[in-house]
file final11.txt (compact mmCIF, C-alpha atoms)
# COMPACT_ATOMS: atom_id res chain seq x y z
CA MET A 98 0.00 0.00 0.00
CA TYR A 99 1.36 3.39 -0.97
CA PRO A 100 1.30 6.21 1.59
CA ARG A 101 -1.21 8.97 0.90
CA ASN A 102 -1.58 12.73 1.28
CA LEU A 103 1.86 13.90 0.24
CA GLU A 104 3.05 17.37 1.01
CA MET A 105 6.18 18.99 -0.30
CA GLN A 106 9.00 19.98 2.01
CA LYS A 107 12.05 21.57 0.43
CA GLY A 108 11.04 20.03 -2.89
CA LEU A 109 10.80 16.47 -1.48
CA ALA A 110 7.77 14.31 -0.82
CA TYR A 111 7.16 14.29 2.93
CA TYR A 112 5.31 11.48 4.72
CA ARG A 113 3.64 12.10 8.05
CA GLU A 114 2.56 9.36 10.46
CA SER A 115 -1.06 10.12 9.58
CA ASP A 116 -0.27 9.27 5.94
CA CYS A 117 0.93 5.76 6.72
CA PHE A 118 -0.82 4.50 9.87
CA THR A 119 -4.44 4.08 10.88
CA GLN A 120 -6.00 6.04 13.73
CA ASP A 121 -5.99 2.93 15.94
CA PRO A 122 -3.61 3.76 18.85
CA GLN A 123 -2.28 0.18 18.73
CA ASN A 124 -1.23 0.52 15.07
CA LEU A 125 2.43 1.30 15.70
CA VAL A 126 3.94 -0.76 12.85
CA HIS A 127 3.22 -0.64 9.13
CA ALA A 128 4.78 -3.59 7.28
CA TYR A 129 4.35 -4.17 3.57
CA LEU A 130 6.19 -5.56 0.56
CA HIS A 131 6.52 -3.17 -2.36
CA GLU A 132 7.29 -4.96 -5.60
CA ASN A 133 8.99 -3.30 -8.55
CA TYR A 134 9.86 -0.42 -6.27
CA THR A 135 11.21 2.87 -7.52
CA HIS A 136 10.69 6.04 -5.52
CA LYS A 137 12.12 9.53 -5.83
CA MET A 138 13.88 11.17 -2.91
CA HIS A 139 11.54 11.68 0.04
CA VAL A 140 11.55 12.13 3.82
CA HIS A 141 9.31 10.92 6.63
CA GLN A 142 8.76 11.77 10.27
CA PHE A 143 9.17 8.19 11.49
CA CYS A 144 11.87 5.52 11.49
CA GLU A 145 11.86 3.04 8.62
CA MET A 146 13.59 -0.30 8.07
CA ASN A 147 14.11 -1.59 4.52
CA ILE A 148 15.15 -5.10 3.53
CA ILE A 149 15.90 -5.89 -0.12
CA VAL A 150 13.92 -9.06 -0.87
CA SER A 151 14.87 -9.49 -4.55
CA GLY A 152 16.39 -7.64 -7.47
CA GLU A 153 19.01 -4.92 -7.66
CA GLY A 154 19.10 -1.17 -7.70
CA GLN A 155 20.53 1.97 -6.16
CA HIS A 156 19.62 3.42 -2.80
CA TYR A 157 20.09 7.17 -2.64
CA ILE A 158 20.59 8.43 0.91
CA GLY A 159 21.48 12.04 1.48
CA ASP A 160 24.28 12.81 -0.97
CA PHE A 161 25.28 9.18 -1.53
CA SER A 162 24.28 6.45 -3.96
CA ILE A 163 24.62 2.93 -2.56
CA PRO A 164 24.20 -0.36 -4.49
CA ALA A 165 21.22 -2.31 -3.14
CA SER A 166 20.76 -6.06 -3.64
CA ILE A 167 19.04 -9.01 -1.98
CA GLY A 168 19.66 -9.24 1.76
CA ASP A 169 20.79 -5.64 2.23
CA VAL A 170 19.34 -3.92 5.29
CA PHE A 171 18.91 -0.16 5.64
CA VAL A 172 17.60 1.77 8.64
CA ILE A 173 16.43 5.27 7.74
CA PRO A 174 16.02 7.66 10.69
CA PRO A 175 13.33 10.36 10.67
CA THR A 176 13.92 13.37 8.38
CA VAL A 177 16.71 11.69 6.38
CA ALA A 178 16.09 12.00 2.63
CA HIS A 179 16.32 8.79 0.61
CA GLY A 180 14.97 7.06 -2.49
CA TYR A 181 15.43 4.02 -4.73
CA PHE A 182 16.07 3.36 -8.40
CA SER A 183 15.76 -0.22 -9.69
CA HIS A 184 17.88 -2.06 -12.23
CA GLY A 185 15.05 -4.00 -13.85
CA ARG A 186 13.26 -5.06 -10.68
CA LEU A 187 13.58 -4.24 -7.01
CA ASP A 188 11.33 -5.72 -4.30
CA ILE A 189 11.65 -4.16 -0.85
CA LEU A 190 10.11 -4.94 2.51
CA HIS A 191 9.21 -1.76 4.39
CA ILE A 192 8.75 -1.75 8.16
CA LEU A 193 7.60 1.65 9.35
CA LEU A 194 7.84 2.34 13.09
CA ARG A 195 5.85 5.12 14.72
CA ALA A 196 7.55 7.28 17.31
CA ASP A 197 5.15 5.75 19.86
CA PHE A 198 6.54 2.28 19.07
CA MET A 199 10.08 3.45 19.84
CA HIS A 200 8.86 5.11 23.05
CA ARG A 201 6.52 2.38 24.30
CA TYR A 202 9.06 -0.39 23.79
CA ARG A 203 12.16 1.65 24.61
CA GLU A 204 13.31 -0.60 27.46
CA GLU A 205 12.71 -3.80 25.48
CA LEU A 206 14.51 -2.40 22.42
CA CYS A 207 17.51 -1.25 24.45
CA ARG A 208 17.86 -4.76 25.90
CA LEU A 209 18.24 -6.27 22.44
CA PRO A 210 21.96 -7.00 21.92
CA SER A 211 22.00 -5.48 18.43
CA TYR A 212 19.73 -2.47 18.97
CA SER A 213 22.58 0.03 18.79
CA LEU A 214 24.04 -1.70 15.73
CA LEU A 215 20.76 -1.38 13.84
CA PHE A 216 19.30 1.94 14.89
CA ASP A 217 22.33 4.02 15.87
CA ILE A 218 25.49 2.71 14.28
CA GLU A 219 24.29 1.49 10.87
CA PRO A 220 22.66 4.78 9.80
CA GLN A 221 25.47 6.90 11.20
CA ILE A 222 28.41 5.00 9.75
CA ARG A 223 26.68 4.64 6.38
CA LEU A 224 26.08 8.36 6.08
CA SER A 225 29.56 9.26 7.35
CA SER A 226 31.40 6.78 5.13
CA GLY A 227 29.53 7.47 1.92
CA GLY A 228 27.92 4.06 1.78
CA GLU A 229 31.01 1.88 2.09
CA TYR A 230 29.39 -0.12 4.90
CA ASN A 231 26.42 -2.31 4.08
CA LEU A 232 24.81 -4.63 6.60
CA ARG A 233 23.55 -7.74 4.84
CA ILE A 234 21.60 -10.78 5.97
CA PRO A 235 23.58 -14.00 5.27
CA SER A 236 22.05 -15.66 2.20
CA HIS A 237 21.44 -19.00 3.93
CA CYS A 238 19.35 -17.26 6.62
CA PHE A 239 17.17 -15.26 4.26
CA PRO A 240 14.43 -17.86 3.50
CA ALA A 241 13.57 -18.39 7.18
CA LEU A 242 13.49 -14.65 7.78
CA GLN A 243 11.10 -14.18 4.87
CA GLU A 244 8.51 -16.32 6.69
CA GLU A 245 8.52 -13.88 9.60
CA ILE A 246 8.30 -10.96 7.21
CA TYR A 247 5.10 -12.25 5.65
CA ARG A 248 3.71 -13.07 9.08
CA LEU A 249 4.12 -9.43 10.14
CA ILE A 250 2.29 -8.34 6.99
CA SER A 251 -0.56 -10.81 7.52
CA LEU A 252 -1.08 -9.67 11.11
CA GLU A 253 -1.46 -6.09 9.96
CA LYS A 254 -3.99 -7.07 7.33
CA ALA A 255 -5.95 -8.86 10.08
CA LYS A 256 -5.66 -5.71 12.26
CA GLU A 257 -4.03 -7.72 15.04
CA TYR A 258 -1.86 -4.76 15.91
CA THR A 259 -0.81 -5.66 19.46
CA TYR A 260 0.38 -9.09 18.35
CA GLN A 261 2.17 -7.48 15.42
CA ASN A 262 3.94 -5.04 17.74
CA VAL A 263 5.26 -7.85 19.92
CA LEU A 264 6.39 -9.90 16.93
CA THR A 265 8.12 -6.84 15.50
CA LEU A 266 10.26 -6.68 18.63
CA GLY A 267 11.23 -10.31 18.13
CA PHE A 268 11.88 -9.71 14.45
CA ILE A 269 14.21 -6.79 15.20
CA GLY A 270 16.10 -8.95 17.70
CA LYS A 271 16.53 -11.80 15.22
CA LEU A 272 17.48 -9.43 12.42
CA GLY A 273 20.15 -7.86 14.61
CA GLU A 274 21.64 -11.24 15.42
CA LEU A 275 21.75 -12.21 11.74
CA LEU A 276 23.48 -8.96 10.92
CA ARG A 277 25.96 -9.64 13.69
CA GLN A 278 26.74 -12.93 11.94
CA SER A 279 27.34 -11.02 8.72
CA MET A 280 29.99 -8.98 10.53
CA GLN A 281 32.00 -12.18 10.89
CA ASN A 282 32.11 -13.01 7.18
CA GLU A 283 33.41 -11.43 4.02
CA THR A 284 30.67 -8.77 3.74
CA ILE A 285 32.54 -6.56 6.22
CA ARG A 286 36.32 -6.32 6.12
CA THR A 287 38.27 -7.17 9.27
CA ARG A 288 39.51 -3.59 9.69
CA ASP A 289 35.96 -2.23 9.44
CA ARG A 290 34.57 -4.87 11.79
CA GLY A 291 36.80 -3.57 14.56
CA LEU A 292 35.46 -0.06 14.10
CA LEU A 293 31.86 -1.27 14.35
CA GLU A 294 32.68 -3.30 17.47
CA VAL A 295 34.22 -0.28 19.20
CA MET A 296 31.25 1.92 18.29
CA GLU A 297 28.88 -0.67 19.71
CA TYR A 298 30.95 -1.07 22.88
CA ILE A 299 30.90 2.69 23.44
CA ARG A 300 27.12 2.95 23.12
CA GLU A 301 26.55 0.02 25.45
CA ASN A 302 28.95 1.28 28.15
CA LEU A 303 28.41 5.03 28.31
CA ASP A 304 28.08 4.90 32.11
CA GLN A 305 31.62 3.50 32.39
CA LYS A 306 34.99 5.25 32.21
CA LEU A 307 36.02 5.06 28.55
CA THR A 308 39.57 5.81 27.49
CA LEU A 309 41.31 5.57 24.13
CA GLU A 310 43.60 2.88 25.55
CA LEU A 311 40.64 0.77 26.72
CA LEU A 312 38.80 1.08 23.40
CA ALA A 313 41.87 0.17 21.37
CA SER A 314 42.49 -2.89 23.55
CA LYS A 315 38.97 -4.20 22.83
CA VAL A 316 39.88 -4.80 19.19
CA SER A 317 43.66 -5.30 19.59
CA LEU A 318 44.61 -2.08 17.81
CA SER A 319 47.10 0.62 18.69
CA LYS A 320 45.65 3.91 19.90
CA SER A 321 46.93 5.72 16.81
CA THR A 322 45.40 3.17 14.43
CA LEU A 323 42.01 3.31 16.12
CA ASN A 324 42.10 7.10 16.15
CA ARG A 325 42.96 7.18 12.43
CA ARG A 326 40.13 4.81 11.47
CA PHE A 327 37.59 6.85 13.41
CA VAL A 328 38.72 10.09 11.77
CA GLU A 329 38.79 8.53 8.28
CA THR A 330 35.29 7.06 8.59
CA LEU A 331 33.36 9.22 11.05
CA HIS A 332 35.42 12.42 10.87
CA VAL A 333 35.76 12.54 14.65
CA SER A 334 38.21 10.99 17.11
CA PRO A 335 37.12 8.07 19.34
CA MET A 336 36.82 10.32 22.38
CA GLN A 337 34.85 12.92 20.44
CA TYR A 338 32.52 10.10 19.43
CA VAL A 339 32.16 9.07 23.08
CA MET A 340 31.10 12.61 24.01
CA LYS A 341 28.71 12.76 21.05
CA CYS A 342 27.01 9.55 22.18
CA ARG A 343 26.81 10.76 25.79
CA LEU A 344 25.17 14.00 24.72
CA GLU A 345 22.69 12.19 22.45
CA LYS A 346 21.66 9.87 25.26
CA ALA A 347 21.44 12.70 27.81
CA LYS A 348 19.22 14.80 25.53
CA ALA A 349 16.96 11.81 24.84
CA LEU A 350 16.57 11.02 28.55
CA LEU A 351 15.95 14.67 29.42
CA SER A 352 13.20 14.89 26.80
CA GLN A 353 11.48 11.84 28.32
CA GLY A 354 11.33 13.55 31.71
CA GLU A 355 11.36 10.29 33.69
CA LEU A 356 14.76 10.61 35.43
CA SER A 357 16.41 13.32 37.49
CA LYS A 358 19.37 15.22 36.07
CA THR A 359 21.61 13.51 38.59
CA GLU A 360 20.50 10.08 37.37
CA ILE A 361 20.89 11.09 33.74
CA ALA A 362 24.40 12.42 34.34
CA HIS A 363 25.33 9.08 35.94
CA PHE A 364 23.78 6.91 33.21
CA CYS A 365 25.52 8.92 30.49
CA GLY A 366 28.99 8.84 32.08
CA PHE A 367 29.32 12.46 33.19
CA PHE A 368 31.01 13.28 36.50
CA ASP A 369 28.02 15.25 37.75
CA ILE A 370 25.26 17.64 36.63
CA ALA A 371 27.69 20.53 36.20
CA HIS A 372 29.87 18.43 33.91
CA MET A 373 26.83 17.43 31.83
CA ASN A 374 25.45 20.97 31.64
CA LYS A 375 28.80 22.23 30.40
CA TYR A 376 28.33 20.31 27.12
CA LEU A 377 24.55 20.43 26.67
call {"tool": "encode", "arguments": {"input": "final11.txt", "output": "structure tokens"}}
result
Amino acid sequence: MYPRNLEMQKGLAYYRESDCFTQDPQNLVHAYLHENYTHKMHVHQFCEMNIIVSGEGQHYIGDFSIPASIGDVFVIPPTVAHGYFSHGRLDILHILLRADFMHRYREELCRLPSYSLLFDIEPQIRLSSGGEYNLRIPSHCFPALQEEIYRLISLEKAKEYTYQNVLTLGFIGKLGELLRQSMQNETIRTRDRGLLEVMEYIRENLDQKLTLELLASKVSLSKSTLNRRFVETLHVSPMQYVMKCRLEKAKALLSQGELSKTEIAHFCGFFDIAHMNKYL
């Protein structure tokens, strides 16, 4: 099903949540398979996951053009412009996630081992590196995953939204684990795998003391080599990336209004409130 009621924002098609979801408060996920998919650059106010089911094409994200083929996984954050162009045929699974889904299941999502890899690291490193990093589902795992994909779609058609929401959590967890497997094979070079592992370690240990020496030891690299790879790919040093992640997490927790500033400073690895406020 194609989203409706387009409006133009800076010359791009812009999709609101009301264009793609029903008014049912339980309808937090919109899953559908779009066959023969080609779509001009557009933006949306929600998070979207795309999985290439068959065919080949190009995925345009921001200023980059990335080859897209079966098994490739892309996570597109809100307000990031993207589009697809097919080479003959391109079938793509779309999983749209309302902001309420990310909020309601925040704790469950954060407990998934590969949550940061999917929703934080993959979009960031792809945009920073110009599309050199593609996460891909191992080919031998793809048939079994397709069964779950079609199950998500069938539940939505039956309007069993609550069940679909729960299964979506499980699907994200399984997808993350499959992508972690792909990090161990030829789809991601050894040197790049170390960078991803350090980024993931940082995001999962922000409340701990993180030093360049500690991070380099996690992937058996020298401090200078790790620093160089961060700058080459992300255009920031490892410690600048640590601070960036701490600030992102602090701002997110502050916006939720559920924790005190003292608690947030602790969870994000700042010495105290004054230290946190200095960078906010």
call {"tool": "residues_around", "arguments": {"input": "final11.txt", "residues": "Leu193 (chain A)", "least_positions_apart": "5", "cutoff": "9 Å", "atoms": "all atoms listed in the file", "output": "compact mmCIF listing (two decimals) with C-alpha atoms, in the frame of the given file"}}
result
# COMPACT_ATOMS: atom_id res chain seq x y z
CA CYS A 117 0.93 5.76 6.72
CA PHE A 118 -0.82 4.50 9.87
CA LEU A 125 2.43 1.30 15.70
CA VAL A 126 3.94 -0.76 12.85
CA HIS A 127 3.22 -0.64 9.13
CA ALA A 128 4.78 -3.59 7.28
CA TYR A 129 4.35 -4.17 3.57
CA PHE A 143 9.17 8.19 11.49
CA CYS A 144 11.87 5.52 11.49
CA GLU A 145 11.86 3.04 8.62
CA MET A 146 13.59 -0.30 8.07
CA ASN A 147 14.11 -1.59 4.52
call {"tool": "residues_around", "arguments": {"input": "final11.txt", "residues": "Leu252 (chain A)", "least_positions_apart": "6", "cutoff": "12 Å", "atoms": "all atoms listed in the file", "output": "list in words"}}
result
Asn124, Val126, His127, Ala128, Tyr129, Glu245, Ile246, Tyr258, Thr259, Tyr260, Gln261, Asn262, Val263, Leu264 and Thr265 of chain A
call {"tool": "write_last_selection", "arguments": {"input": "final11.txt", "atoms": "C-alpha atoms", "output": "PDB file, keeping the file's coordinate frame"}}
result
ATOM      1  CA  ASN A 124      -1.230   0.520  15.070  1.00  0.00           C
ATOM      2  CA  VAL A 126       3.940  -0.760  12.850  1.00  0.00           C
ATOM      3  CA  HIS A 127       3.220  -0.640   9.130  1.00  0.00           C
ATOM      4  CA  ALA A 128       4.780  -3.590   7.280  1.00  0.00           C
ATOM      5  CA  TYR A 129       4.350  -4.170   3.570  1.00  0.00           C
ATOM      6  CA  GLU A 245       8.520 -13.880   9.600  1.00  0.00           C
ATOM      7  CA  ILE A 246       8.300 -10.960   7.210  1.00  0.00           C
ATOM      8  CA  TYR A 258      -1.860  -4.760  15.910  1.00  0.00           C
ATOM      9  CA  THR A 259      -0.810  -5.660  19.460  1.00  0.00           C
ATOM     10  CA  TYR A 260       0.380  -9.090  18.350  1.00  0.00           C
ATOM     11  CA  GLN A 261       2.170  -7.480  15.420  1.00  0.00           C
ATOM     12  CA  ASN A 262       3.940  -5.040  17.740  1.00  0.00           C
ATOM     13  CA  VAL A 263       5.260  -7.850  19.920  1.00  0.00           C
ATOM     14  CA  LEU A 264       6.390  -9.900  16.930  1.00  0.00           C
ATOM     15  CA  THR A 265       8.120  -6.840  15.500  1.00  0.00           C
TER      16      THR A 265
END
call {"tool": "residues_around", "arguments": {"input": "final11.txt", "residues": "Met138 (chain A)", "least_positions_apart": "3", "cutoff": "10 Å", "atoms": "only C-alpha atoms", "output": "PyMOL selection string"}}
result
chain A and resi 108-111+135+156-159+177-182
call {"tool": "residues_near_point", "arguments": {"input": "final11.txt", "point": "(27.6, 16.0, 28.2)", "cutoff": "9 Å", "atoms": "all atoms listed in the file", "output": "list of chain:residue names"}}
result
A:Met340, A:Lys341, A:Cys342, A:Arg343, A:Leu344, A:Glu345, A:Ala347, A:Lys348, A:Ala362, A:Cys365, A:Gly366, A:Phe367, A:Ile370, A:His372, A:Met373, A:Asn374, A:Lys375, A:Tyr376, A:Leu377
call {"tool": "residues_near_point", "arguments": {"input": "final11.txt", "point": "(21.0, 0.8, -5.7)", "cutoff": "6 Å", "atoms": "only C-alpha atoms", "output": "NGL selection string"}}
result
:A and (154-156 or 163-165)
call {"tool": "residues_around", "arguments": {"input": "final11.txt", "residues": "Leu266 (chain A)", "least_positions_apart": "6", "cutoff": "12 Å", "atoms": "only C-alpha atoms", "output": "VMD selection string"}}
result
chain A and resid 125 to 126 192 194 198 to 199 201 to 209 211 to 212 245 249 259 to 260 272 to 273
call {"tool": "atom_distance", "arguments": {"input": "final11.txt", "atom1": "CA of Val150 (chain A)", "atom2": "CA of Arg233 (chain A)"}}
result
11.3 Å
call {"tool": "residues_around", "arguments": {"input": "final11.txt", "residues": "Asn324 (chain A)", "least_positions_apart": "5", "cutoff": "9 Å", "atoms": "all atoms listed in the file", "output": "list in words"}}
result
Leu309, Ala313, Ser319, Glu329, Val333, Ser334, Pro335 and Met336 of chain A
call {"tool": "closest_residue", "arguments": {"input": "final11.txt", "among": "A:Leu130, A:Ile173, A:Leu214, A:Leu312", "to": "Glu297 (chain A)", "atoms": "only C-alpha atoms"}}
result
A:Leu214
call {"tool": "closest_residue", "arguments": {"input": "final11.txt", "among": "A:His141, A:Phe171, A:Glu310, A:Ile250", "to": "Asp217 (chain A)", "atoms": "only C-alpha atoms"}}
result
A:Phe171
call {"tool": "atom_distance", "arguments": {"input": "final11.txt", "atom1": "CA of Thr176 (chain A)", "atom2": "CA of His139 (chain A)"}}
result
8.8 Å
call {"tool": "atom_distance", "arguments": {"input": "final11.txt", "atom1": "CA of Ile218 (chain A)", "atom2": "CA of Glu274 (chain A)"}}
result
14.5 Å
call {"tool": "closest_residue", "arguments": {"input": "final11.txt", "among": "A:Ala349, A:Val170, A:Leu215, A:Leu190", "to": "Pro235 (chain A)", "atoms": "only C-alpha atoms"}}
result
A:Val170
call {"tool": "axis_aligned_box", "arguments": {"input": "final11.txt", "around": "region 261-264 of chain A", "padding_each_side": "6 Å", "output": "JSON"}}
result
{"center_x": 4.3, "center_y": -7.5, "center_z": 17.7, "size_x": 16.2, "size_y": 16.9, "size_z": 16.5}
